[in-house]
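Just query.txt here, compact mmCIF, C-alpha atoms and all ligand atoms:
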# COMPACT_ATOMS: atom_id res chain seq x y z
CA MET A 1 0.00 0.00 0.00
CA THR A 2 1.52 3.34 -0.97
CA GLN A 3 0.93 5.87 1.65
CA ASP A 4 1.31 9.52 2.12
CA ILE A 5 0.50 10.00 5.76
CA SER A 6 0.65 13.09 7.96
CA THR A 7 1.36 12.59 11.61
CA VAL A 8 0.34 14.98 14.36
CA ARG A 9 1.78 14.27 17.80
CA VAL A 10 -0.22 15.11 20.87
CA GLY A 11 2.64 15.62 23.32
CA LEU A 12 1.43 14.70 26.79
CA ASP A 13 4.62 13.15 28.22
CA ASP A 14 4.06 9.45 28.86
CA ARG A 15 0.47 9.75 27.69
CA GLY A 16 1.35 11.34 24.38
CA TYR A 17 0.09 9.78 21.16
CA ASP A 18 0.13 10.07 17.39
CA ILE A 19 -2.69 10.98 15.08
CA GLU A 20 -2.07 9.51 11.63
CA ILE A 21 -3.95 11.07 8.73
CA GLY A 22 -4.11 9.60 5.24
CA HIS A 23 -6.29 7.99 2.62
CA ARG A 24 -7.24 4.31 2.45
CA ILE A 25 -5.34 3.35 5.56
CA LEU A 26 -8.19 1.49 7.27
CA PRO A 27 -7.23 -1.85 5.68
CA ASP A 28 -3.90 -1.41 7.39
CA ALA A 29 -5.35 -0.48 10.77
CA GLY A 30 -4.53 -3.76 12.52
CA ALA A 31 -0.79 -3.50 11.88
CA ARG A 32 -0.78 0.21 12.68
CA ILE A 33 -2.58 -0.29 16.00
CA LEU A 34 -0.29 -3.19 16.88
CA GLY A 35 2.65 -0.88 16.21
CA ARG A 36 1.34 1.41 18.96
CA ILE A 37 0.10 -1.18 21.42
CA SER A 38 2.60 -3.99 21.42
CA GLY A 39 1.44 -7.43 22.40
CA LEU A 40 -2.19 -6.61 21.66
CA ARG A 41 -4.30 -9.79 21.32
CA ARG A 42 -7.81 -8.70 22.03
CA ALA A 43 -9.90 -5.73 20.95
CA VAL A 44 -13.52 -4.62 21.13
CA VAL A 45 -14.64 -2.42 18.26
CA ILE A 46 -17.53 -0.10 19.14
CA SER A 47 -19.41 1.37 16.19
CA ASP A 48 -22.91 2.49 15.23
CA SER A 49 -25.63 1.14 12.98
CA ASN A 50 -24.68 3.39 10.05
CA VAL A 51 -20.93 3.04 10.19
CA ALA A 52 -20.53 -0.63 11.14
CA PRO A 53 -22.08 -1.99 7.91
CA LEU A 54 -19.72 0.20 5.89
CA TYR A 55 -16.39 -0.15 7.67
CA ALA A 56 -16.39 -2.72 10.47
CA GLU A 57 -15.51 -5.62 8.19
CA PRO A 58 -12.25 -4.23 6.77
CA LEU A 59 -11.22 -3.11 10.25
CA ILE A 60 -11.91 -6.44 11.89
CA GLY A 61 -10.28 -8.24 8.98
CA SER A 62 -7.13 -6.19 9.39
CA LEU A 63 -7.07 -6.82 13.14
CA ASP A 64 -7.50 -10.50 12.46
CA ALA A 65 -4.62 -10.47 10.02
CA ALA A 66 -2.49 -8.81 12.69
CA GLY A 67 -3.34 -11.58 15.16
CA VAL A 68 -5.81 -9.53 17.18
CA ASN A 69 -9.08 -11.18 18.12
CA ALA A 70 -11.76 -8.52 17.74
CA THR A 71 -15.41 -8.39 18.77
CA LEU A 72 -17.85 -5.88 17.29
CA VAL A 73 -20.38 -4.00 19.41
CA THR A 74 -22.88 -1.94 17.39
CA VAL A 75 -25.07 0.73 18.98
CA PRO A 76 -27.96 2.56 17.30
CA ALA A 77 -26.73 5.62 15.37
CA GLY A 78 -27.49 8.94 17.05
CA GLU A 79 -26.98 11.00 20.18
CA PRO A 80 -29.40 8.94 22.36
CA SER A 81 -26.75 6.19 22.41
CA LYS A 82 -24.58 8.38 24.65
CA SER A 83 -26.67 7.22 27.61
CA VAL A 84 -26.26 5.46 30.94
CA GLU A 85 -28.48 2.65 29.61
CA GLN A 86 -26.26 2.07 26.58
CA ALA A 87 -23.10 2.25 28.69
CA THR A 88 -24.57 -0.29 31.11
CA ALA A 89 -25.47 -2.65 28.28
CA ILE A 90 -21.90 -2.49 26.94
CA TRP A 91 -20.31 -2.93 30.40
CA ASN A 92 -22.43 -6.07 30.88
CA GLN A 93 -21.49 -7.37 27.48
CA LEU A 94 -17.78 -6.86 28.20
CA LEU A 95 -18.22 -8.65 31.50
CA ALA A 96 -20.00 -11.57 29.83
CA GLU A 97 -17.18 -11.83 27.32
CA ARG A 98 -14.61 -11.82 30.11
CA ILE A 99 -12.91 -8.74 28.80
CA ASP A 100 -9.92 -7.88 30.95
CA ARG A 101 -7.41 -5.08 31.17
CA GLN A 102 -5.33 -6.45 28.30
CA THR A 103 -8.13 -5.53 25.90
CA THR A 104 -8.16 -2.37 23.78
CA ILE A 105 -11.37 -0.51 22.94
CA ILE A 106 -11.52 0.82 19.37
CA ALA A 107 -14.05 3.53 18.50
CA LEU A 108 -15.13 3.40 14.86
CA GLY A 109 -17.57 6.22 14.15
CA GLY A 110 -18.41 9.86 14.71
CA GLY A 111 -18.32 11.84 17.93
CA VAL A 112 -21.16 9.86 19.48
CA VAL A 113 -19.30 6.58 19.17
CA GLY A 114 -15.98 8.18 20.17
CA ASP A 115 -17.41 9.74 23.33
CA LEU A 116 -19.31 6.58 24.32
CA ALA A 117 -16.51 4.12 23.53
CA GLY A 118 -13.98 6.37 25.26
CA PHE A 119 -16.19 6.49 28.32
CA ILE A 120 -16.40 2.69 28.34
CA ALA A 121 -12.60 2.52 27.98
CA ALA A 122 -12.11 5.00 30.84
CA THR A 123 -14.39 3.12 33.21
CA PHE A 124 -14.43 -0.63 32.54
CA ALA A 125 -12.03 -2.56 34.77
CA ARG A 126 -10.67 0.85 35.88
CA GLY A 127 -9.48 1.69 32.43
CA LEU A 128 -8.69 0.04 29.12
CA LYS A 129 -6.46 1.18 26.31
CA PHE A 130 -8.28 3.12 23.67
CA VAL A 131 -7.95 3.83 19.93
CA GLN A 132 -10.04 6.27 17.91
CA ILE A 133 -10.95 5.81 14.25
CA PRO A 134 -13.14 8.86 13.59
CA THR A 135 -15.49 8.75 10.59
CA THR A 136 -17.12 12.21 10.54
CA LEU A 137 -15.36 15.46 9.72
CA LEU A 138 -16.31 16.76 13.17
CA ALA A 139 -14.81 13.71 14.84
CA THR A 140 -11.55 13.90 12.85
CA VAL A 141 -10.90 17.55 13.73
CA ASP A 142 -12.45 17.75 17.15
CA SER A 143 -13.91 14.96 19.25
CA SER A 144 -11.23 12.32 18.56
CA VAL A 145 -8.45 14.65 19.69
CA GLY A 146 -7.97 15.77 23.26
CA GLY A 147 -9.28 13.00 25.45
CA LYS A 148 -12.68 14.24 26.54
CA VAL A 149 -15.06 11.28 26.71
CA GLY A 150 -18.51 10.97 28.19
CA ILE A 151 -22.22 10.39 28.04
CA ASN A 152 -25.36 12.45 28.61
CA LEU A 153 -27.97 12.49 31.35
CA PRO A 154 -31.53 13.42 30.40
CA GLY A 155 -30.92 16.84 31.96
CA GLY A 156 -27.31 17.43 30.97
CA LYS A 157 -25.24 16.88 27.87
CA ASN A 158 -21.74 15.40 28.34
CA ILE A 159 -22.20 15.73 32.09
CA VAL A 160 -20.80 12.31 33.07
CA GLY A 161 -17.35 11.65 31.70
CA ALA A 162 -13.61 11.67 32.00
CA PHE A 163 -10.40 12.82 30.45
CA TRP A 164 -9.14 9.64 28.85
CA GLN A 165 -6.53 9.95 26.15
CA PRO A 166 -6.31 7.37 23.37
CA GLN A 167 -3.09 5.50 22.59
CA TYR A 168 -3.52 6.27 18.92
CA VAL A 169 -5.87 7.99 16.46
CA LEU A 170 -6.15 6.71 12.90
CA ILE A 171 -7.84 9.03 10.41
CA ASP A 172 -8.68 7.47 7.07
CA LEU A 173 -10.03 10.41 5.08
CA SER A 174 -11.58 8.18 2.43
CA LEU A 175 -14.18 7.15 5.03
CA LEU A 176 -15.57 10.69 4.86
CA ASP A 177 -16.78 10.08 1.30
CA SER A 178 -19.89 8.29 2.57
CA LEU A 179 -20.73 11.02 5.09
CA PRO A 180 -24.10 12.73 4.46
CA VAL A 181 -23.49 16.18 2.93
CA ARG A 182 -25.19 18.04 5.77
CA GLN A 183 -22.87 16.34 8.29
CA GLY A 184 -19.84 17.33 6.25
CA ARG A 185 -20.92 20.97 6.15
CA ALA A 186 -21.57 20.99 9.87
CA GLY A 187 -18.03 19.71 10.40
CA MET A 188 -16.75 22.66 8.36
CA ALA A 189 -18.09 24.97 11.06
CA GLU A 190 -15.48 23.58 13.47
CA VAL A 191 -12.79 23.72 10.76
CA ILE A 192 -13.49 27.41 10.13
CA LYS A 193 -13.52 27.95 13.90
CA TYR A 194 -9.87 26.89 14.11
CA GLY A 195 -8.93 29.52 11.56
CA VAL A 196 -10.73 32.30 13.43
CA ILE A 197 -9.39 31.39 16.87
CA ALA A 198 -5.83 30.47 16.03
CA ASP A 199 -4.63 30.77 12.45
CA ALA A 200 -5.43 33.63 10.05
CA GLU A 201 -3.41 32.00 7.27
CA PHE A 202 -5.46 28.82 7.60
CA PHE A 203 -8.68 30.83 7.40
CA GLU A 204 -7.42 32.28 4.13
CA TYR A 205 -6.47 28.81 2.90
CA ILE A 206 -10.07 27.68 3.43
CA GLU A 207 -11.36 30.77 1.62
CA THR A 208 -9.25 30.04 -1.42
CA ASN A 209 -9.94 26.29 -1.52
CA VAL A 210 -13.68 26.05 -1.04
CA GLU A 211 -14.29 24.03 -4.20
CA LYS A 212 -11.51 21.57 -3.50
CA ILE A 213 -12.72 21.07 0.03
CA ARG A 214 -16.26 20.46 -1.16
CA ALA A 215 -14.96 17.93 -3.67
CA HIS A 216 -12.88 16.16 -0.97
CA GLU A 217 -9.75 16.72 -3.05
CA PRO A 218 -7.33 14.43 -1.18
CA GLY A 219 -4.41 16.80 -0.62
CA THR A 220 -6.67 19.66 0.45
CA LEU A 221 -8.70 17.51 2.80
CA LYS A 222 -5.53 16.16 4.38
CA HIS A 223 -4.18 19.66 4.83
CA ILE A 224 -7.29 20.97 6.56
CA VAL A 225 -7.71 17.97 8.86
CA SER A 226 -4.00 17.93 9.82
CA THR A 227 -3.98 21.67 10.49
CA CYS A 228 -7.04 21.44 12.73
CA CYS A 229 -5.63 18.43 14.61
CA GLN A 230 -2.34 20.30 15.09
CA ILE A 231 -4.10 23.37 16.46
CA LYS A 232 -6.21 21.29 18.82
CA ALA A 233 -3.18 19.23 19.88
CA ASP A 234 -1.25 22.41 20.73
CA VAL A 235 -4.10 23.77 22.82
CA VAL A 236 -4.64 20.43 24.61
CA GLU A 237 -0.93 20.14 25.36
CA GLU A 238 -1.02 23.53 27.06
CA ASP A 239 -4.19 22.94 29.02
CA GLU A 240 -5.27 19.30 28.99
CA ARG A 241 -7.89 19.61 31.71
CA GLU A 242 -9.24 23.04 30.97
CA THR A 243 -7.78 24.69 34.03
CA SER A 244 -5.75 27.60 32.65
CA GLY A 245 -8.37 28.96 30.30
CA ARG A 246 -6.30 28.17 27.20
CA ARG A 247 -8.50 25.23 26.17
CA ALA A 248 -11.55 27.46 26.52
CA ILE A 249 -10.69 29.21 23.23
CA LEU A 250 -12.01 26.07 21.50
CA ASN A 251 -15.43 27.11 22.78
CA TYR A 252 -15.65 30.07 20.42
CA GLY A 253 -19.33 30.44 19.49
CA HIS A 254 -20.25 27.54 21.74
CA THR A 255 -21.93 29.37 24.63
CA PHE A 256 -24.31 30.97 22.14
CA GLY A 257 -24.51 27.74 20.10
CA HIS A 258 -25.29 25.51 23.08
CA ALA A 259 -28.16 27.84 23.97
CA VAL A 260 -29.51 27.48 20.42
CA GLU A 261 -29.17 23.68 20.59
CA SER A 262 -30.87 23.55 23.94
CA ALA A 263 -33.70 25.93 22.94
CA THR A 264 -34.39 23.77 19.88
CA LYS A 265 -34.14 20.54 21.91
CA TYR A 266 -31.14 19.24 19.93
CA GLU A 267 -33.51 18.38 17.10
CA LYS A 268 -33.59 21.23 14.64
CA TYR A 269 -29.87 21.90 14.16
CA LEU A 270 -26.71 19.86 14.00
CA HIS A 271 -24.03 21.01 16.43
CA GLY A 272 -22.01 22.66 13.66
CA GLU A 273 -25.05 24.59 12.47
CA ALA A 274 -25.85 25.87 15.95
CA ILE A 275 -22.28 26.99 16.59
CA THR A 276 -22.20 28.75 13.23
CA MET A 277 -24.99 30.97 14.50
CA GLY A 278 -23.11 31.20 17.78
CA MET A 279 -19.85 32.26 16.15
CA GLN A 280 -21.71 34.89 14.16
CA CYS A 281 -23.33 36.21 17.36
CA ALA A 282 -19.89 36.34 18.99
CA ALA A 283 -18.44 38.19 16.00
CA SER A 284 -21.32 40.72 15.93
CA LEU A 285 -20.91 41.28 19.65
CA SER A 286 -17.20 41.90 19.11
CA VAL A 287 -18.04 44.46 16.44
CA ASN A 288 -20.45 46.21 18.84
CA LEU A 289 -17.78 46.19 21.54
CA LYS A 290 -15.31 47.63 19.01
CA ARG A 291 -12.98 44.66 19.35
CA ILE A 292 -13.04 43.90 15.61
CA ASP A 293 -14.29 45.77 12.57
CA ALA A 294 -17.46 44.82 10.72
CA GLU A 295 -15.38 43.61 7.80
CA MET A 296 -14.01 40.69 9.80
CA ALA A 297 -17.48 39.61 10.92
CA ASP A 298 -18.66 39.78 7.29
CA ARG A 299 -15.68 37.79 6.12
CA GLN A 300 -16.48 35.04 8.60
CA ALA A 301 -20.15 35.03 7.56
CA ALA A 302 -19.20 34.84 3.88
CA LEU A 303 -17.11 31.74 4.47
CA PHE A 304 -19.87 30.02 6.44
CA ARG A 305 -22.24 30.78 3.56
CA GLN A 306 -19.89 29.08 1.13
CA PHE A 307 -20.61 25.86 3.00
CA GLU A 308 -24.32 26.60 3.27
CA LEU A 309 -24.10 27.04 7.00
CA PRO A 310 -26.82 29.12 8.74
CA VAL A 311 -25.37 32.50 9.60
CA GLU A 312 -28.56 34.25 10.72
CA LEU A 313 -29.78 33.40 14.18
CA ASP A 314 -33.07 31.48 14.10
CA ALA A 315 -35.69 34.26 14.37
CA ALA A 316 -38.12 31.95 16.15
CA LEU A 317 -35.90 31.89 19.22
CA ASP A 318 -36.57 34.13 22.20
CA SER A 319 -33.56 36.26 23.18
CA ASN A 320 -34.32 36.30 26.88
CA GLU A 321 -34.62 32.53 26.92
CA LEU A 322 -31.30 32.20 25.08
CA LEU A 323 -29.59 34.51 27.57
CA GLU A 324 -30.97 32.44 30.45
CA LEU A 325 -29.70 29.25 28.81
CA MET A 326 -26.27 30.83 28.32
CA ARG A 327 -26.14 31.59 32.03
CA ARG A 328 -26.84 27.96 32.80
CA ASP A 329 -24.22 26.64 30.37
CA LYS A 330 -21.83 24.14 31.93
CA LYS A 331 -18.95 26.48 31.14
CA ALA A 332 -20.56 29.48 32.87
CA ASP A 333 -19.21 30.22 36.31
CA GLN A 334 -22.07 30.86 38.77
CA GLY A 335 -24.13 32.61 36.15
CA ASN A 336 -21.22 34.70 34.88
CA ILE A 337 -21.10 34.19 31.14
CA ARG A 338 -17.54 33.90 29.90
CA LEU A 339 -17.34 34.58 26.20
CA VAL A 340 -14.64 33.86 23.67
CA LEU A 341 -14.41 36.92 21.44
CA PRO A 342 -12.11 37.65 18.50
CA THR A 343 -9.76 40.63 18.47
CA LYS A 344 -8.47 39.98 14.97
CA MET A 345 -8.46 37.10 12.50
CA GLY A 346 -6.63 34.19 14.14
CA HIS A 347 -6.87 35.51 17.66
CA VAL A 348 -9.51 35.38 20.41
CA GLU A 349 -9.70 36.36 24.07
CA LEU A 350 -11.80 35.27 27.03
CA VAL A 351 -14.06 38.07 28.16
CA ASP A 352 -16.06 38.16 31.40
CA ASN A 353 -18.84 40.46 32.46
CA VAL A 354 -20.17 41.51 29.09
CA PRO A 355 -23.32 43.51 29.99
CA ASP A 356 -26.58 41.64 29.40
CA HIS A 357 -27.92 44.35 27.10
CA GLU A 358 -24.92 43.88 24.78
CA ILE A 359 -25.56 40.13 24.62
CA LEU A 360 -29.28 40.64 24.06
CA GLU A 361 -28.47 43.07 21.27
CA VAL A 362 -26.98 40.26 19.13
CA LEU A 363 -29.58 37.64 20.04
N1 LIG A 401 -15.13 14.69 23.07
C1 LIG A 401 -15.06 15.86 22.49
O1 LIG A 401 -14.10 16.60 22.67
C2 LIG A 401 -16.18 16.28 21.59
C3 LIG A 401 -16.00 17.41 20.78
C4 LIG A 401 -17.03 17.74 19.90
C5 LIG A 401 -18.19 16.98 19.86
N2 LIG A 401 -18.32 15.89 20.67
C6 LIG A 401 -19.52 15.05 20.61
O2 LIG A 401 -19.60 14.50 19.31
C7 LIG A 401 -20.96 14.15 19.04
C8 LIG A 401 -21.29 14.56 17.63
O3 LIG A 401 -20.44 13.88 16.75
P1 LIG A 401 -20.73 13.75 15.19
O4 LIG A 401 -21.12 15.07 14.66
O5 LIG A 401 -19.60 13.02 14.61
O6 LIG A 401 -22.10 12.92 15.17
P2 LIG A 401 -22.41 11.35 15.04
O7 LIG A 401 -21.41 10.52 15.69
O8 LIG A 401 -23.82 11.22 15.50
O9 LIG A 401 -22.37 11.12 13.47
C9 LIG A 401 -23.28 11.79 12.64
C10 LIG A 401 -24.08 10.83 11.77
O10 LIG A 401 -23.25 10.38 10.70
C11 LIG A 401 -23.21 8.97 10.65
N3 LIG A 401 -21.87 8.63 10.15
C12 LIG A 401 -20.71 8.75 10.82
N4 LIG A 401 -19.68 8.52 10.02
C13 LIG A 401 -20.19 8.20 8.80
C14 LIG A 401 -19.60 7.86 7.55
N5 LIG A 401 -18.27 7.87 7.38
N6 LIG A 401 -20.43 7.57 6.54
C15 LIG A 401 -21.78 7.64 6.70
N7 LIG A 401 -22.38 7.98 7.85
C16 LIG A 401 -21.58 8.26 8.89
C17 LIG A 401 -23.51 8.53 12.05
O11 LIG A 401 -24.02 7.23 12.08
C18 LIG A 401 -24.54 9.57 12.47
O12 LIG A 401 -25.79 9.22 11.97
C19 LIG A 401 -21.79 14.86 20.09
O13 LIG A 401 -22.27 13.90 21.00
C20 LIG A 401 -20.81 15.77 20.79
O14 LIG A 401 -21.10 15.97 22.16
C21 LIG A 401 -17.32 15.55 21.52
ZN ZN A 402 -18.09 22.08 18.86
Final structure tokens representation of the file:
Amino acid sequence: MTQDISTVRVGLDDRGYDIEIGHRILPDAGARILGRISGLRRAVVISDSNVAPLYAEPLIGSLDAAGVNATLVTVPAGEPSKSVEQATAIWNQLLAERIDRQTTIIALGGGVVGDLAGFIAATFARGLKFVQIPTTLLATVDSSVGGKVGINLPGGKNIVGAFWQPQYVLIDLSLLDSLPVRQGRAGMAEVIKYGVIADAEFFEYIETNVEKIRAHEPGTLKHIVSTCCQIKADVVEEDERETSGRRAILNYGHTFGHAVESATKYEKYLHGEAITMGMQCAASLSVNLKRIDAEMADRQAALFRQFELPVELDAALDSNELLELMRRDKKADQGNIRLVLPTKMGHVELVDNVPDHEILEVL
């Protein structure tokens, strides 16, 4: 197999790991995983009902060929699988199969599967080794990097979880070809986010390569995914557990976006769509606060539009309700809303105590 692979290292001392990014590397996954986890004999692949029929067979075949005995666990596709009930069912299945601490959990899927499988890995038998094979654009650039894993409670998203870093992340970009178009666009919201928060040159690269990105041109896709992984890896290295505030920059547009998701009951918008509106609210607020000029906010909006992402805030939403939801966001500190606001392209700052009337103005 000829391979042109980019490697991004997440440098966390003895818990550091590589992210390998290339095309058509899934058939080689077994050998690659074995190269990272020596002596591996047993693995449990966790996937969902959309992804497993497409990609579980080549993965399990390659593990088999590498001498790794793999079992497949398939959960229903969709956010409801990130539940206590689903986690319990998998724990019991692992117990019945006498899974022990020599076993590695492999997540094959989008962010739902990654978060759930990572949570199982973090908790079963006090912790199993973990590998991520992300299959959505969002998962390749965001959820598979950084070690946050978890499940939801009926009243709180991602509220039960852990920091549990994988041993290895394998990104086969050809798997993104089967991704529904709307999911791919939503993933672009996070990609564009990285440009705005950390890399003006990258933002410009996206602007000039829209068509190639939409067409999944291999070199372009590899460049954008590697750049995003590198930016996230750098931030995670500096602030793995979100204590210094550095990691918080990744939440650009998210306090607004989470309020939109919550107000629409997580049904109307995909996460990337909601945070697009959120990032545009944050940019407009920054214009009003004279932190950036209107031209930068327009430039951001124009790029979102190129990927058919919703820039205008849903007019059906009530501003006071959104503000209340923002106050209750997990990231808010006792009702104080901490916002991530740009100061120029490629740079953001954390801002506390923005007056309510300024927030309401952009809602
Ligand atoms: N841990 C983190 O740091 C982090 C960061 C961001 C988001 N998340 C979590 O990620 C989740 C969202 O992830 P997502 O957007 O990947 O959603 P998802 O996992 O639900 O995947 C979206 C849909 O695409 C399908 N799919 C996945 N890959 C496919 C492929 N290659 N071909 C065809 N269909 C495919 C899935 O079955 C699903 O129906 C949320 O639960 C969110 O909380 C976690
Ligand atoms: Zn996000």
Give as a ChimeraX atom specification the residues surrounding ligand LIG 401 (chain A) up to a distance of 8 Å, considering all atoms listed in the file.
/A:48-51,54,77-79,82,109-115,134-139,142-151,157-158,175-180,183,186-187,270-272
Would you please work out which residue, of A:Gly346, A:Arg291, A:Phe256, A:Met296, is nearest to Leu363 in chain A when using all atoms listed in the file?
A:Phe256
What lies within 12 Å of Val354 in chain A using all atoms listed in the file, ignoring chain neighbours under 2 positions off, as a ChimeraX atom specification?
/A:282,285-286,288-289,323,327,336-341,350-352,356-361
Which protein, DNA or RNA residues have an atom at most 10 Å from (-5.8, 6.0, 13.1), counting only C-alpha atoms? List them as a PDB file with C-alpha atoms, keeping the file's coordinate frame.
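For reference, selection_12.pdb as written:
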ATOM      1  CA  THR A   7       1.360  12.590  11.610  1.00  0.00           C
ATOM      2  CA  ASP A  18       0.130  10.070  17.390  1.00  0.00           C
ATOM      3  CA  ILE A  19      -2.690  10.980  15.080  1.00  0.00           C
ATOM      4  CA  GLU A  20      -2.070   9.510  11.630  1.00  0.00           C
ATOM      5  CA  ILE A  21      -3.950  11.070   8.730  1.00  0.00           C
ATOM      6  CA  GLY A  22      -4.110   9.600   5.240  1.00  0.00           C
ATOM      7  CA  ILE A  25      -5.340   3.350   5.560  1.00  0.00           C
ATOM      8  CA  LEU A  26      -8.190   1.490   7.270  1.00  0.00           C
ATOM      9  CA  ASP A  28      -3.900  -1.410   7.390  1.00  0.00           C
ATOM     10  CA  ALA A  29      -5.350  -0.480  10.770  1.00  0.00           C
ATOM     11  CA  GLY A  30      -4.530  -3.760  12.520  1.00  0.00           C
ATOM     12  CA  ARG A  32      -0.780   0.210  12.680  1.00  0.00           C
ATOM     13  CA  ILE A  33      -2.580  -0.290  16.000  1.00  0.00           C
ATOM     14  CA  ILE A 106     -11.520   0.820  19.370  1.00  0.00           C
ATOM     15  CA  LEU A 108     -15.130   3.400  14.860  1.00  0.00           C
ATOM     16  CA  VAL A 131      -7.950   3.830  19.930  1.00  0.00           C
ATOM     17  CA  GLN A 132     -10.040   6.270  17.910  1.00  0.00           C
ATOM     18  CA  ILE A 133     -10.950   5.810  14.250  1.00  0.00           C
ATOM     19  CA  PRO A 134     -13.140   8.860  13.590  1.00  0.00           C
ATOM     20  CA  THR A 140     -11.550  13.900  12.850  1.00  0.00           C
ATOM     21  CA  SER A 144     -11.230  12.320  18.560  1.00  0.00           C
ATOM     22  CA  GLN A 167      -3.090   5.500  22.590  1.00  0.00           C
ATOM     23  CA  TYR A 168      -3.520   6.270  18.920  1.00  0.00           C
ATOM     24  CA  VAL A 169      -5.870   7.990  16.460  1.00  0.00           C
ATOM     25  CA  LEU A 170      -6.150   6.710  12.900  1.00  0.00           C
ATOM     26  CA  ILE A 171      -7.840   9.030  10.410  1.00  0.00           C
ATOM     27  CA  ASP A 172      -8.680   7.470   7.070  1.00  0.00           C
TER      28      ASP A 172
END
Distance query Val311 in chain A at most 10 Å, only C-alpha atoms, self and fewer than 3 positions along chain excluded, as a PDB file with C-alpha atoms, keeping the file's coordinate frame:
ATOM      1  CA  GLU A 273     -25.050  24.590  12.470  1.00  0.00           C
ATOM      2  CA  ALA A 274     -25.850  25.870  15.950  1.00  0.00           C
ATOM      3  CA  ILE A 275     -22.280  26.990  16.590  1.00  0.00           C
ATOM      4  CA  THR A 276     -22.200  28.750  13.230  1.00  0.00           C
ATOM      5  CA  MET A 277     -24.990  30.970  14.500  1.00  0.00           C
ATOM      6  CA  GLY A 278     -23.110  31.200  17.780  1.00  0.00           C
ATOM      7  CA  MET A 279     -19.850  32.260  16.150  1.00  0.00           C
ATOM      8  CA  GLN A 280     -21.710  34.890  14.160  1.00  0.00           C
ATOM      9  CA  CYS A 281     -23.330  36.210  17.360  1.00  0.00           C
ATOM     10  CA  GLN A 300     -16.480  35.040   8.600  1.00  0.00           C
ATOM     11  CA  ALA A 301     -20.150  35.030   7.560  1.00  0.00           C
ATOM     12  CA  ALA A 302     -19.200  34.840   3.880  1.00  0.00           C
ATOM     13  CA  LEU A 303     -17.110  31.740   4.470  1.00  0.00           C
ATOM     14  CA  PHE A 304     -19.870  30.020   6.440  1.00  0.00           C
ATOM     15  CA  ARG A 305     -22.240  30.780   3.560  1.00  0.00           C
ATOM     16  CA  GLU A 308     -24.320  26.600   3.270  1.00  0.00           C
ATOM     17  CA  ASP A 314     -33.070  31.480  14.100  1.00  0.00           C
TER      18      ASP A 314
END
Which residue gives the smallest distance to ligand ZN 402 (chain A) among A:Lys193, A:Arg98, A:Arg9, A:Lys330, with all atoms listed in the file counted?
A:Lys193
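Summary of the local environment: counting all atoms listed in the file, residues at most 10 Å from Leu40 in chain A, other than itself and those fewer than 5 positions away along its chain, are Gly30, Ile33, Leu34, Gly35, Leu63, Ala66, Gly67, Val68, Asn69, Gln102, Thr103 and Thr104 of chain A.
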For the selection you just gave me, I'd like the residues written to a file as an mmCIF file, in the coordinates of the input, keeping C-alpha atoms.
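Contents of result08.cif, freshly written:
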data_model
loop_
_atom_site.group_PDB
_atom_site.id
_atom_site.type_symbol
_atom_site.label_atom_id
_atom_site.label_comp_id
_atom_site.auth_asym_id
_atom_site.auth_seq_id
_atom_site.Cartn_x
_atom_site.Cartn_y
_atom_site.Cartn_z
ATOM 1 C CA GLY A 30 -4.530 -3.760 12.520
ATOM 2 C CA ILE A 33 -2.580 -0.290 16.000
ATOM 3 C CA LEU A 34 -0.290 -3.190 16.880
ATOM 4 C CA GLY A 35 2.650 -0.880 16.210
ATOM 5 C CA LEU A 63 -7.070 -6.820 13.140
ATOM 6 C CA ALA A 66 -2.490 -8.810 12.690
ATOM 7 C CA GLY A 67 -3.340 -11.580 15.160
ATOM 8 C CA VAL A 68 -5.810 -9.530 17.180
ATOM 9 C CA ASN A 69 -9.080 -11.180 18.120
ATOM 10 C CA GLN A 102 -5.330 -6.450 28.300
ATOM 11 C CA THR A 103 -8.130 -5.530 25.900
ATOM 12 C CA THR A 104 -8.160 -2.370 23.780
#
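For the residues A:Ala200, A:Ala332, A:Ile192, A:Leu317, ranking by smallest atom-to-atom distance to ligand ZN 402 (chain A) using only C-alpha atoms and all ligand atoms places A:Ile192 first.
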Put a box with edges along x, y and z around all the listed atoms of range 127-139 of chain A, pad it by 6 Å on each side, then give me its centre and sizes in Å, one decimal, as lines of an AutoDock Vina configuration file.
center_x = -11.8
center_y = 8.4
center_z = 21.1
size_x = 22.7
size_y = 28.7
size_z = 34.7
When distances are computed from all atoms listed in the file, which of A:Lys222, A:His258, A:Arg214, A:Arg126 shows the smallest separation from ligand ZN 402 (chain A)?
A:His258
Residue nearest ligand ZN 402 (chain A) - candidates A:Val348, A:Ile224, A:Val235, A:Ala189, atoms counted: all atoms listed in the file:
A:Ala189
